[in-house]
Every structure is written in C-alpha cells, then in structure tokens.
>>> print(open('target-v1.cif').read())   # mmCIF, C-alpha atoms and all ligand atoms
data_entry
#
loop_
_atom_site.label_atom_id
_atom_site.label_comp_id
_atom_site.auth_asym_id
_atom_site.auth_seq_id
_atom_site.Cartn_x
_atom_site.Cartn_y
_atom_site.Cartn_z
CA MET Y 2 204.11 -100.02 105.36
CA ILE Y 3 200.29 -99.99 105.17
CA PRO Y 4 198.42 -97.24 107.04
CA GLY Y 5 197.57 -99.57 109.91
CA PRO Y 6 197.98 -101.97 111.46
CA THR Y 7 201.54 -100.67 111.53
CA MET Y 8 204.78 -102.35 112.59
CA VAL Y 9 205.14 -102.81 116.32
CA SER Y 10 208.30 -102.28 118.36
CA PRO Y 11 209.93 -105.47 119.74
CA ARG Y 12 209.60 -103.81 123.16
CA VAL Y 13 205.81 -103.97 122.82
CA LEU Y 14 205.92 -107.52 121.46
CA ARG Y 15 207.99 -108.69 124.44
CA VAL Y 16 205.36 -107.30 126.84
CA LEU Y 17 202.60 -109.03 124.90
CA ALA Y 18 204.44 -112.37 125.24
CA LYS Y 19 204.35 -112.26 129.05
CA PRO Y 20 202.08 -114.50 131.16
CA VAL Y 21 198.53 -113.21 131.58
CA LEU Y 22 197.93 -111.29 134.79
CA SER Y 23 194.83 -111.09 136.95
CA HIS Y 24 192.84 -107.99 136.06
CA VAL Y 25 192.82 -106.98 139.73
CA SER Y 26 196.51 -107.67 140.44
CA GLY Y 27 198.55 -104.74 141.66
CA GLU Y 28 200.91 -105.01 138.69
CA PHE Y 29 198.09 -104.74 136.18
CA VAL Y 30 196.16 -102.03 138.01
CA ASP Y 31 199.30 -99.88 138.37
CA GLY Y 32 200.03 -100.37 134.66
CA PHE Y 33 196.48 -99.41 133.69
CA VAL Y 34 196.66 -96.23 135.81
CA GLU Y 35 199.96 -95.24 134.16
CA ALA Y 36 198.61 -96.01 130.68
CA LEU Y 37 195.57 -93.78 131.26
CA GLU Y 38 197.80 -90.91 132.43
CA LEU Y 39 199.99 -91.26 129.33
CA GLN Y 40 196.87 -91.45 127.17
CA LYS Y 41 195.79 -88.02 128.46
CA LYS Y 42 199.20 -86.67 127.50
CA ILE Y 43 199.01 -87.77 123.85
CA PHE Y 44 195.46 -86.41 123.59
CA GLY Y 45 196.54 -83.10 125.16
CA THR Y 46 193.77 -83.11 127.75
CA GLU Y 47 192.94 -83.03 131.42
CA GLY Y 48 189.62 -84.70 130.55
CA THR Y 49 188.56 -88.27 131.26
CA PRO Y 50 190.38 -91.04 129.37
CA PHE Y 51 188.73 -94.33 128.40
CA MET Y 52 190.71 -97.36 127.24
CA LEU Y 53 188.45 -100.23 126.17
CA SER Y 54 188.85 -103.48 124.25
CA GLY Y 55 187.80 -102.79 120.69
CA SER Y 56 188.91 -100.94 117.61
CA GLY Y 57 188.66 -97.32 116.53
CA THR Y 58 185.05 -97.84 115.45
CA LEU Y 59 184.05 -98.53 119.06
CA GLY Y 60 185.25 -95.03 119.95
CA MET Y 61 183.15 -93.59 117.11
CA GLU Y 62 180.04 -95.47 118.20
CA ALA Y 63 180.56 -94.68 121.90
CA ALA Y 64 180.67 -90.97 121.02
CA ILE Y 65 177.28 -91.14 119.35
CA SER Y 66 175.53 -93.57 121.70
CA ASN Y 67 176.59 -91.63 124.81
CA LEU Y 68 176.31 -88.03 123.61
CA ILE Y 69 173.37 -88.17 121.20
CA GLU Y 70 169.69 -88.65 122.08
CA LYS Y 71 166.74 -89.32 119.77
CA GLY Y 72 166.15 -86.36 117.48
CA ASP Y 73 169.48 -84.61 118.16
CA LYS Y 74 171.00 -83.13 115.01
CA VAL Y 75 174.56 -84.15 114.14
CA LEU Y 76 176.59 -82.43 111.45
CA CYS Y 77 178.99 -84.85 109.76
CA VAL Y 78 181.88 -83.05 108.06
CA GLU Y 79 183.06 -85.33 105.27
CA ASN Y 80 185.98 -85.33 102.85
CA GLY Y 81 186.73 -89.05 102.59
CA PHE Y 82 185.62 -92.61 103.36
CA PHE Y 83 185.93 -92.41 107.16
CA GLY Y 84 184.20 -89.03 107.42
CA GLU Y 85 181.20 -90.58 105.67
CA LYS Y 86 181.17 -93.48 108.14
CA TRP Y 87 179.76 -91.26 110.90
CA GLU Y 88 176.43 -91.07 109.07
CA GLU Y 89 176.02 -94.84 109.38
CA ILE Y 90 176.49 -94.62 113.15
CA VAL Y 91 174.32 -91.60 113.94
CA GLY Y 92 171.09 -92.95 112.42
CA PRO Y 93 170.81 -96.22 114.36
CA HIS Y 94 171.25 -94.29 117.64
CA GLY Y 95 168.34 -91.96 116.85
CA GLY Y 96 170.34 -88.92 115.74
CA VAL Y 97 169.41 -86.84 112.71
CA VAL Y 98 172.23 -86.49 110.17
CA ASP Y 99 173.08 -83.30 108.37
CA ARG Y 100 176.21 -83.31 106.26
CA LEU Y 101 178.83 -80.92 105.01
CA ARG Y 102 180.34 -82.93 102.22
CA PHE Y 103 183.41 -82.05 100.16
CA ASP Y 104 184.96 -84.08 97.37
CA TRP Y 105 187.32 -86.76 98.64
CA GLY Y 106 190.73 -85.22 99.30
CA ASP Y 107 189.51 -81.61 99.08
CA ALA Y 108 190.36 -79.31 101.94
CA LEU Y 109 187.57 -78.51 104.34
CA ASP Y 110 186.08 -75.04 103.67
CA LEU Y 111 186.15 -73.30 107.04
CA LYS Y 112 183.79 -70.53 105.93
CA MET Y 113 181.13 -73.08 104.95
CA LEU Y 114 181.58 -74.88 108.24
CA GLU Y 115 181.28 -71.63 110.16
CA GLU Y 116 178.01 -70.84 108.37
CA LYS Y 117 176.60 -74.29 109.18
CA LEU Y 118 177.61 -74.07 112.82
CA SER Y 119 176.21 -70.57 113.24
CA SER Y 120 172.67 -71.98 112.96
CA ASN Y 121 173.47 -73.39 116.43
CA ASP Y 122 170.97 -76.19 116.24
CA TYR Y 123 173.48 -79.05 116.20
CA LYS Y 124 174.05 -81.17 119.26
CA ALA Y 125 177.41 -82.22 117.85
CA PHE Y 126 179.58 -82.19 114.75
CA THR Y 127 182.13 -84.77 113.63
CA VAL Y 128 185.46 -84.12 111.92
CA GLU Y 129 188.15 -86.51 110.74
CA HIS Y 130 191.65 -85.55 111.81
CA VAL Y 131 193.25 -87.62 109.06
CA ASP Y 132 191.04 -89.41 106.56
CA THR Y 133 193.05 -92.55 105.81
CA SER Y 134 191.32 -93.02 102.46
CA THR Y 135 192.73 -89.86 100.90
CA GLY Y 136 195.64 -88.89 103.15
CA ILE Y 137 194.10 -85.53 103.99
CA ALA Y 138 194.59 -83.84 107.36
CA ASN Y 139 191.93 -81.39 108.50
CA PRO Y 140 192.99 -78.30 110.51
CA LEU Y 141 191.71 -79.29 113.94
CA ASP Y 142 193.03 -76.09 115.53
CA LYS Y 143 191.18 -73.80 113.11
CA VAL Y 144 187.99 -75.84 113.43
CA GLY Y 145 188.44 -75.53 117.19
CA GLU Y 146 188.28 -71.74 116.89
CA LEU Y 147 184.86 -72.14 115.23
CA ALA Y 148 183.78 -74.65 117.87
CA LYS Y 149 184.38 -72.05 120.58
CA GLY Y 150 181.46 -69.97 119.36
CA THR Y 151 178.90 -72.79 119.41
CA ASP Y 152 177.18 -75.10 121.89
CA ALA Y 153 177.69 -78.07 119.57
CA LEU Y 154 180.04 -80.79 120.78
CA TYR Y 155 183.20 -81.00 118.68
CA ILE Y 156 183.91 -84.71 118.03
CA VAL Y 157 187.18 -85.76 116.37
CA ASP Y 158 188.26 -89.08 114.89
CA SER Y 159 192.05 -89.14 115.18
CA VAL Y 160 192.52 -92.86 114.52
CA CYS Y 161 195.20 -92.00 111.93
CA GLY Y 162 196.59 -88.92 113.64
CA ILE Y 163 197.31 -89.19 117.36
CA GLY Y 164 200.87 -90.28 118.07
CA GLY Y 165 202.06 -88.93 114.71
CA MET Y 166 200.52 -85.47 114.43
CA PRO Y 167 199.68 -82.80 117.01
CA VAL Y 168 196.39 -83.16 118.85
CA LYS Y 169 195.68 -80.67 121.63
CA MET Y 170 192.18 -81.45 122.80
CA ASP Y 171 191.96 -78.81 125.52
CA ALA Y 172 193.73 -76.01 123.62
CA TRP Y 173 191.66 -76.67 120.49
CA ASN Y 174 188.24 -76.96 122.21
CA ILE Y 175 187.77 -80.60 121.22
CA ASP Y 176 185.08 -82.17 123.39
CA TYR Y 177 185.47 -85.83 122.40
CA CYS Y 178 188.44 -87.36 120.63
CA LEU Y 179 189.17 -90.98 119.75
CA THR Y 180 191.91 -93.15 118.36
CA GLY Y 181 192.85 -96.80 117.94
CA SER Y 182 195.97 -98.69 118.96
CA GLN Y 183 197.15 -99.90 115.55
CA LYS Y 184 198.37 -96.80 113.77
CA ALA Y 185 200.67 -93.97 114.87
CA VAL Y 186 200.53 -95.09 118.50
CA GLY Y 187 202.40 -98.26 117.53
CA ALA Y 188 200.55 -101.18 119.17
CA PRO Y 189 198.56 -104.04 117.61
CA PRO Y 190 194.84 -103.55 116.90
CA GLY Y 191 192.46 -104.24 119.76
CA ILE Y 192 192.41 -101.17 121.99
CA SER Y 193 190.07 -98.23 121.58
CA MET Y 194 191.12 -95.00 123.31
CA PHE Y 195 189.05 -91.88 123.68
CA CYS Y 196 188.76 -88.87 125.98
CA LEU Y 197 185.86 -86.61 126.97
CA ASN Y 198 186.28 -83.12 128.36
CA GLU Y 199 184.03 -81.73 131.10
CA LYS Y 200 181.51 -80.33 128.65
CA ALA Y 201 181.07 -83.72 126.98
CA TRP Y 202 180.92 -85.59 130.28
CA ASP Y 203 178.27 -83.16 131.53
CA VAL Y 204 176.17 -83.99 128.46
CA VAL Y 205 176.46 -87.71 129.25
CA GLU Y 206 175.47 -87.11 132.89
CA LYS Y 207 172.50 -84.91 132.05
CA ARG Y 208 170.90 -87.07 129.37
CA LYS Y 209 167.13 -87.27 129.55
CA THR Y 210 167.00 -90.78 128.07
CA PRO Y 211 169.01 -93.91 128.93
CA ILE Y 212 172.12 -94.79 126.89
CA ASP Y 213 171.10 -97.46 124.38
CA ASP Y 214 174.39 -99.37 124.69
CA TYR Y 215 175.38 -101.79 127.43
CA TYR Y 216 179.11 -102.49 126.87
CA ALA Y 217 179.84 -99.00 125.53
CA ASN Y 218 177.83 -97.23 128.24
CA LEU Y 219 180.46 -94.82 129.53
CA LYS Y 220 178.64 -94.29 132.83
CA ARG Y 221 179.40 -97.93 133.62
CA TRP Y 222 183.08 -97.55 132.63
CA LYS Y 223 183.83 -94.19 134.29
CA PRO Y 224 184.32 -95.69 137.81
CA ILE Y 225 186.80 -98.20 136.32
CA MET Y 226 188.78 -95.48 134.56
CA ASP Y 227 188.82 -93.51 137.84
CA ASN Y 228 190.01 -96.60 139.72
CA PRO Y 229 191.01 -99.59 137.56
CA ARG Y 230 190.81 -101.92 140.57
CA GLY Y 231 187.02 -102.06 140.09
CA TYR Y 232 185.15 -104.36 137.72
CA PHE Y 233 182.57 -103.83 135.03
CA ALA Y 234 183.89 -106.13 132.29
CA THR Y 235 187.31 -107.77 131.97
CA PRO Y 236 189.89 -105.50 130.37
CA ALA Y 237 192.26 -107.00 127.77
CA VAL Y 238 195.07 -107.19 130.33
CA GLY Y 239 197.88 -108.10 127.93
CA MET Y 240 196.82 -105.54 125.36
CA VAL Y 241 196.55 -102.77 127.96
CA LEU Y 242 200.10 -103.48 129.11
CA GLY Y 243 201.29 -103.64 125.48
CA MET Y 244 199.61 -100.29 124.97
CA LEU Y 245 201.39 -98.97 128.08
CA GLU Y 246 204.75 -99.93 126.57
CA ALA Y 247 203.84 -98.21 123.29
CA LEU Y 248 202.82 -95.08 125.22
CA ARG Y 249 206.08 -95.15 127.19
CA ILE Y 250 208.00 -95.27 123.89
CA ILE Y 251 206.11 -92.18 122.73
CA ASP Y 252 206.81 -90.43 126.01
CA GLU Y 253 210.54 -91.21 125.79
CA GLU Y 254 210.76 -89.92 122.23
CA GLY Y 255 208.82 -86.79 123.22
CA LEU Y 256 205.67 -85.61 121.46
CA GLU Y 257 207.26 -82.64 119.68
CA ALA Y 258 210.14 -84.77 118.35
CA ARG Y 259 207.75 -87.48 117.25
CA TRP Y 260 205.48 -85.03 115.43
CA ARG Y 261 208.53 -83.54 113.67
CA ARG Y 262 209.77 -87.00 112.66
CA HIS Y 263 206.42 -87.78 111.05
CA GLU Y 264 206.36 -84.41 109.30
CA VAL Y 265 209.79 -85.07 107.82
CA PHE Y 266 208.78 -88.59 106.73
CA SER Y 267 205.84 -87.11 104.87
CA GLU Y 268 207.95 -84.39 103.22
CA ALA Y 269 210.63 -86.93 102.31
CA TYR Y 270 208.19 -89.34 100.67
CA MET Y 271 206.51 -86.56 98.68
CA ALA Y 272 209.92 -85.29 97.53
CA GLY Y 273 210.71 -88.81 96.29
CA LEU Y 274 207.43 -89.02 94.41
CA LYS Y 275 207.99 -85.64 92.81
CA ALA Y 276 211.39 -86.79 91.55
CA LEU Y 277 209.67 -89.83 90.01
CA ASN Y 278 206.99 -87.69 88.30
CA VAL Y 279 204.32 -89.30 90.44
CA ASP Y 280 201.60 -87.09 91.90
CA TRP Y 281 199.87 -87.67 95.26
CA PHE Y 282 196.26 -87.38 96.20
CA PRO Y 283 194.90 -84.88 98.70
CA ALA Y 284 194.81 -81.11 98.29
CA LYS Y 285 198.35 -79.69 98.35
CA GLY Y 286 199.21 -78.26 101.75
CA SER Y 287 196.65 -80.50 103.51
CA GLU Y 288 198.64 -83.74 103.41
CA ALA Y 289 198.69 -85.88 106.56
CA HIS Y 290 202.09 -86.70 108.06
CA THR Y 291 201.17 -90.29 108.86
CA LEU Y 292 200.63 -91.60 105.32
CA THR Y 293 201.14 -90.64 101.68
CA VAL Y 294 198.68 -91.48 98.92
CA PRO Y 295 200.49 -91.60 95.54
CA VAL Y 296 198.35 -91.41 92.40
CA ILE Y 297 199.35 -94.28 90.14
CA PRO Y 298 200.50 -93.21 86.65
CA GLU Y 299 197.92 -94.16 84.00
CA SER Y 300 200.22 -96.61 82.23
CA ILE Y 301 200.77 -98.62 85.44
CA ASN Y 302 198.46 -101.20 87.01
CA ASP Y 303 198.46 -100.55 90.76
CA SER Y 304 198.23 -104.20 91.78
CA ASP Y 305 201.19 -105.08 89.51
CA MET Y 306 203.24 -102.41 91.26
CA ARG Y 307 202.16 -103.47 94.75
CA GLY Y 308 202.77 -107.12 93.82
CA LEU Y 309 206.34 -106.41 92.69
CA MET Y 310 207.02 -104.33 95.78
CA ARG Y 311 205.83 -107.15 98.01
CA ILE Y 312 207.23 -110.21 96.24
CA LYS Y 313 210.52 -108.87 94.88
CA TYR Y 314 211.41 -106.26 97.48
CA GLY Y 315 209.52 -107.37 100.60
CA VAL Y 316 207.61 -104.13 101.16
CA ILE Y 317 203.85 -104.20 101.69
CA ILE Y 318 201.81 -101.07 100.97
CA ALA Y 319 198.02 -100.74 100.72
CA GLY Y 320 195.75 -100.26 97.73
CA GLY Y 321 193.43 -97.30 97.32
CA LEU Y 322 190.27 -97.33 99.45
CA GLY Y 323 186.70 -97.19 98.13
CA LYS Y 324 186.36 -95.16 94.96
CA LEU Y 325 190.13 -94.53 94.92
CA GLY Y 326 190.78 -98.27 94.42
CA GLY Y 327 193.04 -98.83 91.38
CA LYS Y 328 193.84 -95.11 91.12
CA THR Y 329 195.95 -94.62 94.23
CA VAL Y 330 198.00 -96.63 96.70
CA ARG Y 331 198.57 -95.84 100.38
CA VAL Y 332 201.94 -95.79 102.10
CA GLY Y 333 201.83 -95.64 105.89
CA HIS Y 334 204.86 -94.09 107.59
CA MET Y 335 203.89 -93.80 111.20
CA GLY Y 336 204.52 -95.17 114.66
CA CYS Y 337 207.82 -97.02 114.89
CA CYS Y 338 208.62 -96.63 111.17
CA THR Y 339 212.31 -95.70 110.71
CA ASN Y 340 214.30 -93.64 108.20
CA ASN Y 341 215.50 -96.90 106.67
CA ASP Y 342 211.95 -98.23 106.32
CA LEU Y 343 211.04 -95.08 104.40
CA VAL Y 344 214.06 -95.26 102.09
CA ALA Y 345 213.48 -98.99 101.46
CA THR Y 346 209.85 -98.28 100.58
CA MET Y 347 210.74 -95.49 98.17
CA SER Y 348 213.42 -97.72 96.65
CA ALA Y 349 210.97 -100.63 96.20
CA MET Y 350 208.38 -98.35 94.63
CA GLU Y 351 210.97 -96.79 92.35
CA MET Y 352 212.35 -100.11 91.11
CA SER Y 353 208.88 -101.55 90.62
CA LEU Y 354 207.77 -98.52 88.60
CA MET Y 355 210.94 -98.74 86.50
CA GLU Y 356 210.40 -102.44 85.81
CA LEU Y 357 206.83 -101.67 84.73
CA GLY Y 358 208.06 -99.09 82.22
CA HIS Y 359 207.48 -95.77 83.98
CA ALA Y 360 209.72 -93.05 82.51
CA MET Y 361 212.11 -91.96 85.25
CA GLU Y 362 215.71 -91.75 86.25
CA ALA Y 363 217.02 -94.61 88.41
CA GLY Y 364 217.68 -93.50 91.98
CA ALA Y 365 215.92 -90.15 91.63
CA GLY Y 366 213.20 -90.96 94.17
CA VAL Y 367 215.55 -92.40 96.77
CA GLY Y 368 217.97 -89.49 96.34
CA ALA Y 369 215.25 -86.91 96.90
CA THR Y 370 213.88 -88.82 99.89
CA GLU Y 371 217.33 -89.10 101.46
CA LYS Y 372 217.97 -85.38 101.05
CA VAL Y 373 214.88 -84.48 103.07
CA LEU Y 374 215.58 -87.13 105.72
CA THR Y 375 219.00 -85.64 106.41
CA THR Y 376 217.30 -82.39 107.46
CA LEU Y 377 216.00 -84.23 110.52
CA LYS Y 378 218.86 -83.71 112.91
CA THR Y 379 219.58 -86.51 115.34
CA GLU Y 380 222.34 -86.62 117.95
CA ALA Y 381 224.79 -89.41 117.06
C1 LIG Y 401 190.50 -92.45 110.06
C2 LIG Y 401 189.93 -93.74 110.53
N1 LIG Y 401 188.84 -93.71 111.29
C3 LIG Y 401 188.29 -94.84 111.75
C4 LIG Y 401 188.81 -96.07 111.44
C5 LIG Y 401 188.17 -97.29 111.96
O1 LIG Y 401 189.01 -97.87 112.89
P1 LIG Y 401 189.03 -99.43 113.18
O2 LIG Y 401 189.26 -100.11 111.88
O3 LIG Y 401 190.16 -99.57 114.16
O4 LIG Y 401 187.70 -99.77 113.77
C6 LIG Y 401 189.95 -96.15 110.62
C7 LIG Y 401 190.52 -97.44 110.24
O5 LIG Y 401 191.43 -97.56 109.46
C8 LIG Y 401 190.52 -94.95 110.16
O6 LIG Y 401 191.61 -94.97 109.40
#
>>> encode(input="target-v1.cif", output="structure tokens", more="lines below")
Ligand SMILES: Cc1ncc(COP(=O)(O)O)c(C=O)c1O
Amino acid sequence: MIPGPTMVSPRVLRVLAKPVLSHVSGEFVDGFVEALELQKKIFGTEGTPFMLSGSGTLGMEAAISNLIEKGDKVLCVENGFFGEKWEEIVGPHGGVVDRLRFDWGDALDLKMLEEKLSSNDYKAFTVEHVDTSTGIANPLDKVGELAKGTDALYIVDSVCGIGGMPVKMDAWNIDYCLTGSQKAVGAPPGISMFCLNEKAWDVVEKRKTPIDDYYANLKRWKPIMDNPRGYFATPAVGMVLGMLEALRIIDEEGLEARWRRHEVFSEAYMAGLKALNVDWFPAKGSEAHTLTVPVIPESINDSDMRGLMRIKYGVIIAGGLGKLGGKTVRVGHMGCCTNNDLVATMSAMEMSLMELGHAMEAGAGVGATEKVLTTLKTEA
C-alpha cells in the first residue's frame, strides 16, 4: 500500500510471464498499436503518444530536452518534492529556471500563477498533478484556463494521477503530459508514457538547435510510435504487453468509474483518520485521490507504527518523503487496490496506533472507512 510501485493484477503478471516475442512480430506490433491507442484515451488526447522503456523521470527529462532550447525560460510551479525536481532537469539542458514556490502541501495560488504567466516570456511552465510527497492534487483544469491565454507550453507531471484521477489533456489545454507505469495505471515500473499535442510537437519540429539527447530524442521515436513495426531501439516487449493488459483493465472498468472509485477510497481513508483523531497533510480540499498522507501523532514514532503494520499485520505503507520524513506516512490506494485492501490498511494502522498508546476507540477508524465505502454502489 505504498504510493508506487503499486500492486499489480494477476492478469498483468500472467502476461509478463509469457515467452519473449520478437519486437517486429505481428503479435507484438499489434499489441503496441493497441496500447498506444489506449494510452491516448487515459490521457484524454488526440495528440501523439510515446511509450518508452524508462521510468517517470524519463518523461520529465524528455519534455525539457525536446521542448527547451538554450536560454529558454521555464517556470517551475512547486508545492512539494517532485515539483522541485523540475529545476534539476531544466538547468542541464540549457533552460533558465524561474520558480513559483509554495510551502509543501499548500494549494497553488491561481492568481499568483496568472500574474507570472501574464509576463508571457516563458517558453514553458511545469505543474505537478499530484505531488506524491505531500498528497496534494493541483487543479489542472483551472490552470488550463490560464494556459489558454499564454504562448507558454503547459507541461504536467501526472505520474501519481493518471489512471486514478481525471486528466483531460485536450480539454484542459495541456501541451505535454507524462506518467509512469507503476502507480495508478497498475503495471510494474519500467515504462514511461507521455503525450504531446500539436502545439508541443510543432515546437519540437521547429527547434533552431539540435536536441541534446540521443535515446530521448522524440524525433527519432515519432516514426516508431506512428508505426511500431519500425526500429530505432528495442522496445521492452514484455513490459509493453504487460502495460497493454493494465490499460485494457482500465478500459473495461471505465475511466469515470475508476476515477469515482479512487475518490471514494480517498474519502473513506480520510474519514477513518478523522475517527482516529489523526490529521492528514495537504491543504484541505486539495487532497489527491490516489494516496493519503496521515500526520503522525506527536507521541508516536512513525517507524514503530509502520514496523508493526508490516510485521504484525502484513501491510506495507511508505514513510514521509524529504522534509516530511518522520512526521507523516504515505498510504497509496490506487490502481488495482480493492475495498478490502483499504479496510485492511485502516485496520492495521488503527491496531498499531492503539498498541503504541494512541488515545482512540477500537474499531472507530475501520467503521468510518466502511461507511464511506458503502456509498460506492456496485452491481452484485
Ligand atoms: C509525482 C511524481 N513525479 C515523478 C516521479 C518520478 O518517477 P520515477 O520514479 O518513475 O522516475 C515520481 C515517483 O514517485 C512521482 O511520484
């Protein structure tokens, strides 16, 4: 129950166990084509999809190395660990960083962003969909309204969002969006997925200077994404087909139903925490649906609690990230996580807190979680 890598459906695991195919075999090429079509669906775009071997970070770096030229200004919008990561990528590729920084977990101030963007001298700006360090979700749709009035490219990191929360690239004016395979999409780590709309692709095409990447040069990969029978570098055939199975599972569940399920998981876990007198981290009303970030009561040592949860109850959650280490823990509830997984996690947390002396009523957290989960109607 960490916020990625997440649990993977046995359906995906069975595909991964199959014999390795040739990268130019009909079976693989057909699978790759279908996977790219399904990728466009979860990104909500008619733009160009890319599916490469790598992790989410590859999608971040490919955005900068392909869209940014020496001296281009990039505004990094930051309210957590991953938002701040963009700065480290922009510099080495010759871009000039400006930042709009908020305290970790604070909601993004749209007015301040609008003022920054109105200067209109940014080539691009980066926004985290969900910052996995704090559990905050930024309002991509509202930022998209601001993006409409500017030439700057709107770049979104949805590594911890897509597959669990709405992303509508085309409707929300997002020019470049990326995710990884190991979170709400429900596959193992190893695949980097991103899409560019026409505006972004035009910027790549019309660059004045060469792209300073070889493997992540999207001009080399575009012909392969248009026709996966071609060759530039060997795709991770097994992983692509595993990804295809994960994408089929999403398609069968339906995006709206899947988004709703994640929303209810988030509400249910927060209701449980409230009943246990445990607070959670990001600004209220801005919580992501893919993970919850409880703030550990002062009398409790977070690693004692996580240790009990793991050893005694068999549930693994993550510690706080960066400066939130020791103060928070992170519970991932995305991808193929079930109602039972959520209840078991709340139960393990509740019993561990009780054993460590936290003042609470036995069963209160689980009861509150269950109540919210029953609001999610499912046909029997
Ligand atoms: C929001 C976010 N962005 C980017 C990354 C980096 O992705 P990866 O570790 O797959 O390279 C992560 C990883 O957890 C993340 O949570």
>>> residues_around(input="target-v1.cif", residues="Gly181 of chain Y", least_positions_apart="2", cutoff="10 Å", atoms="all atoms listed in the file", output="PyMOL selection string")
chain Y and resi 5-6+52-53+55-60+158-163+179+183-195
>>> residues_around(input="target-v1.cif", residues="segment 227-242 of chain Y", least_positions_apart="5", cutoff="7 Å", atoms="only C-alpha atoms", output="ChimeraX atom specification")
/Y:16-17,21-22,24-25,30,32-34,53-54,221-222
>>> closest_residue(input="target-v1.cif", among="Y:Ser120, Y:Asn139, Y:Thr180, Y:Asn174", to="ligand LIG 401 (chain Y)", atoms="only C-alpha atoms and all ligand atoms")
Y:Thr180
>>> atom_distance(input="target-v1.cif", atom1="atom CA of Leu114 of chain Y", atom2="atom CA of Asp203 of chain Y")
24.9 Å
>>> atom_distance(input="target-v1.cif", atom1="atom CA of Met166 of chain Y", atom2="atom CA of Ser66 of chain Y")
27.3 Å
>>> atom_distance(input="target-v1.cif", atom1="atom CA of Ile3 of chain Y", atom2="atom CA of Leu277 of chain Y")
20.5 Å
>>> closest_residue(input="target-v1.cif", among="Y:Glu254, Y:Asp31, Y:Glu264, Y:Asp305", to="Ala138 of chain Y", atoms="only C-alpha atoms")
Y:Glu264
>>> residues_around(input="target-v1.cif", residues="segment 316-323 of chain Y", least_positions_apart="6", cutoff="9 Å", atoms="all atoms listed in the file", output="ChimeraX atom specification")
/Y:2-4,82,133-135,294,303-304,307-310,329-333,342,345-346,349-350
>>> axis_aligned_box(input="target-v1.cif", around="ligand LIG 401 (chain Y)", padding_each_side="8 Å", output="lines of an AutoDock Vina configuration file")
center_x = 189.7
center_y = -96.3
center_z = 111.8
size_x = 19.9
size_y = 23.7
size_z = 20.8
>>> closest_residue(input="target-v1.cif", among="Y:Ala36, Y:Leu101, Y:Leu68, Y:Val131", to="ligand LIG 401 (chain Y)", atoms="all atoms listed in the file")
Y:Val131
>>> residues_near_point(input="target-v1.cif", point="(210.9, -96.8, 94.1)", cutoff="10 Å", atoms="only C-alpha atoms", output="ChimeraX atom specification")
/Y:273-274,277,306,310,344-355,363-367
>>> build_atoms(input="target-v1.cif", residues="segment 150-169 of chain Y", atoms="N, CA and C atoms", output="PDB file, in the coordinates of the input")
ATOM      1  N   GLY Y 150     182.636 -70.828 119.415  1.00  0.00           N
ATOM      2  CA  GLY Y 150     181.460 -69.970 119.360  1.00  0.00           C
ATOM      3  C   GLY Y 150     180.144 -70.737 119.277  1.00  0.00           C
ATOM      4  N   THR Y 151     180.152 -72.024 119.539  1.00  0.00           N
ATOM      5  CA  THR Y 151     178.900 -72.790 119.410  1.00  0.00           C
ATOM      6  C   THR Y 151     178.717 -73.729 120.606  1.00  0.00           C
ATOM      7  N   ASP Y 152     177.454 -74.134 120.815  1.00  0.00           N
ATOM      8  CA  ASP Y 152     177.180 -75.100 121.890  1.00  0.00           C
ATOM      9  C   ASP Y 152     177.450 -76.525 121.425  1.00  0.00           C
ATOM     10  N   ALA Y 153     177.549 -76.705 120.108  1.00  0.00           N
ATOM     11  CA  ALA Y 153     177.690 -78.070 119.570  1.00  0.00           C
ATOM     12  C   ALA Y 153     178.964 -78.731 120.075  1.00  0.00           C
ATOM     13  N   LEU Y 154     178.867 -80.024 120.337  1.00  0.00           N
ATOM     14  CA  LEU Y 154     180.040 -80.790 120.780  1.00  0.00           C
ATOM     15  C   LEU Y 154     180.938 -81.060 119.574  1.00  0.00           C
ATOM     16  N   TYR Y 155     182.216 -80.808 119.757  1.00  0.00           N
ATOM     17  CA  TYR Y 155     183.200 -81.000 118.680  1.00  0.00           C
ATOM     18  C   TYR Y 155     183.819 -82.396 118.864  1.00  0.00           C
ATOM     19  N   ILE Y 156     183.467 -83.307 117.935  1.00  0.00           N
ATOM     20  CA  ILE Y 156     183.910 -84.710 118.030  1.00  0.00           C
ATOM     21  C   ILE Y 156     184.946 -84.987 116.942  1.00  0.00           C
ATOM     22  N   VAL Y 157     186.088 -85.534 117.328  1.00  0.00           N
ATOM     23  CA  VAL Y 157     187.180 -85.760 116.370  1.00  0.00           C
ATOM     24  C   VAL Y 157     187.589 -87.226 116.325  1.00  0.00           C
ATOM     25  N   ASP Y 158     187.695 -87.754 115.103  1.00  0.00           N
ATOM     26  CA  ASP Y 158     188.260 -89.080 114.890  1.00  0.00           C
ATOM     27  C   ASP Y 158     189.736 -88.894 114.517  1.00  0.00           C
ATOM     28  N   SER Y 159     190.617 -89.250 115.457  1.00  0.00           N
ATOM     29  CA  SER Y 159     192.050 -89.140 115.180  1.00  0.00           C
ATOM     30  C   SER Y 159     192.700 -90.519 115.149  1.00  0.00           C
ATOM     31  N   VAL Y 160     191.977 -91.489 114.593  1.00  0.00           N
ATOM     32  CA  VAL Y 160     192.520 -92.860 114.520  1.00  0.00           C
ATOM     33  C   VAL Y 160     193.855 -92.854 113.763  1.00  0.00           C
ATOM     34  N   CYS Y 161     193.972 -91.992 112.740  1.00  0.00           N
ATOM     35  CA  CYS Y 161     195.200 -92.000 111.930  1.00  0.00           C
ATOM     36  C   CYS Y 161     196.053 -90.752 112.197  1.00  0.00           C
ATOM     37  N   GLY Y 162     195.839 -90.129 113.358  1.00  0.00           N
ATOM     38  CA  GLY Y 162     196.590 -88.920 113.640  1.00  0.00           C
ATOM     39  C   GLY Y 162     197.383 -88.996 114.944  1.00  0.00           C
ATOM     40  N   ILE Y 163     196.689 -89.245 116.024  1.00  0.00           N
ATOM     41  CA  ILE Y 163     197.310 -89.190 117.360  1.00  0.00           C
ATOM     42  C   ILE Y 163     198.547 -90.097 117.428  1.00  0.00           C
ATOM     43  N   GLY Y 164     199.614 -89.540 117.972  1.00  0.00           N
ATOM     44  CA  GLY Y 164     200.870 -90.280 118.070  1.00  0.00           C
ATOM     45  C   GLY Y 164     201.799 -89.928 116.913  1.00  0.00           C
ATOM     46  N   GLY Y 165     201.235 -89.301 115.861  1.00  0.00           N
ATOM     47  CA  GLY Y 165     202.060 -88.930 114.710  1.00  0.00           C
ATOM     48  C   GLY Y 165     201.900 -87.463 114.335  1.00  0.00           C
ATOM     49  N   MET Y 166     200.770 -86.883 114.742  1.00  0.00           N
ATOM     50  CA  MET Y 166     200.520 -85.470 114.430  1.00  0.00           C
ATOM     51  C   MET Y 166     199.947 -84.790 115.677  1.00  0.00           C
ATOM     52  N   PRO Y 167     200.157 -83.477 115.803  1.00  0.00           N
ATOM     53  CA  PRO Y 167     199.680 -82.800 117.010  1.00  0.00           C
ATOM     54  C   PRO Y 167     198.158 -82.926 117.203  1.00  0.00           C
ATOM     55  N   VAL Y 168     197.790 -83.241 118.414  1.00  0.00           N
ATOM     56  CA  VAL Y 168     196.390 -83.160 118.850  1.00  0.00           C
ATOM     57  C   VAL Y 168     196.434 -82.493 120.222  1.00  0.00           C
ATOM     58  N   LYS Y 169     195.705 -81.401 120.356  1.00  0.00           N
ATOM     59  CA  LYS Y 169     195.680 -80.670 121.630  1.00  0.00           C
ATOM     60  C   LYS Y 169     194.224 -80.440 121.993  1.00  0.00           C
TER      61      LYS Y 169
END
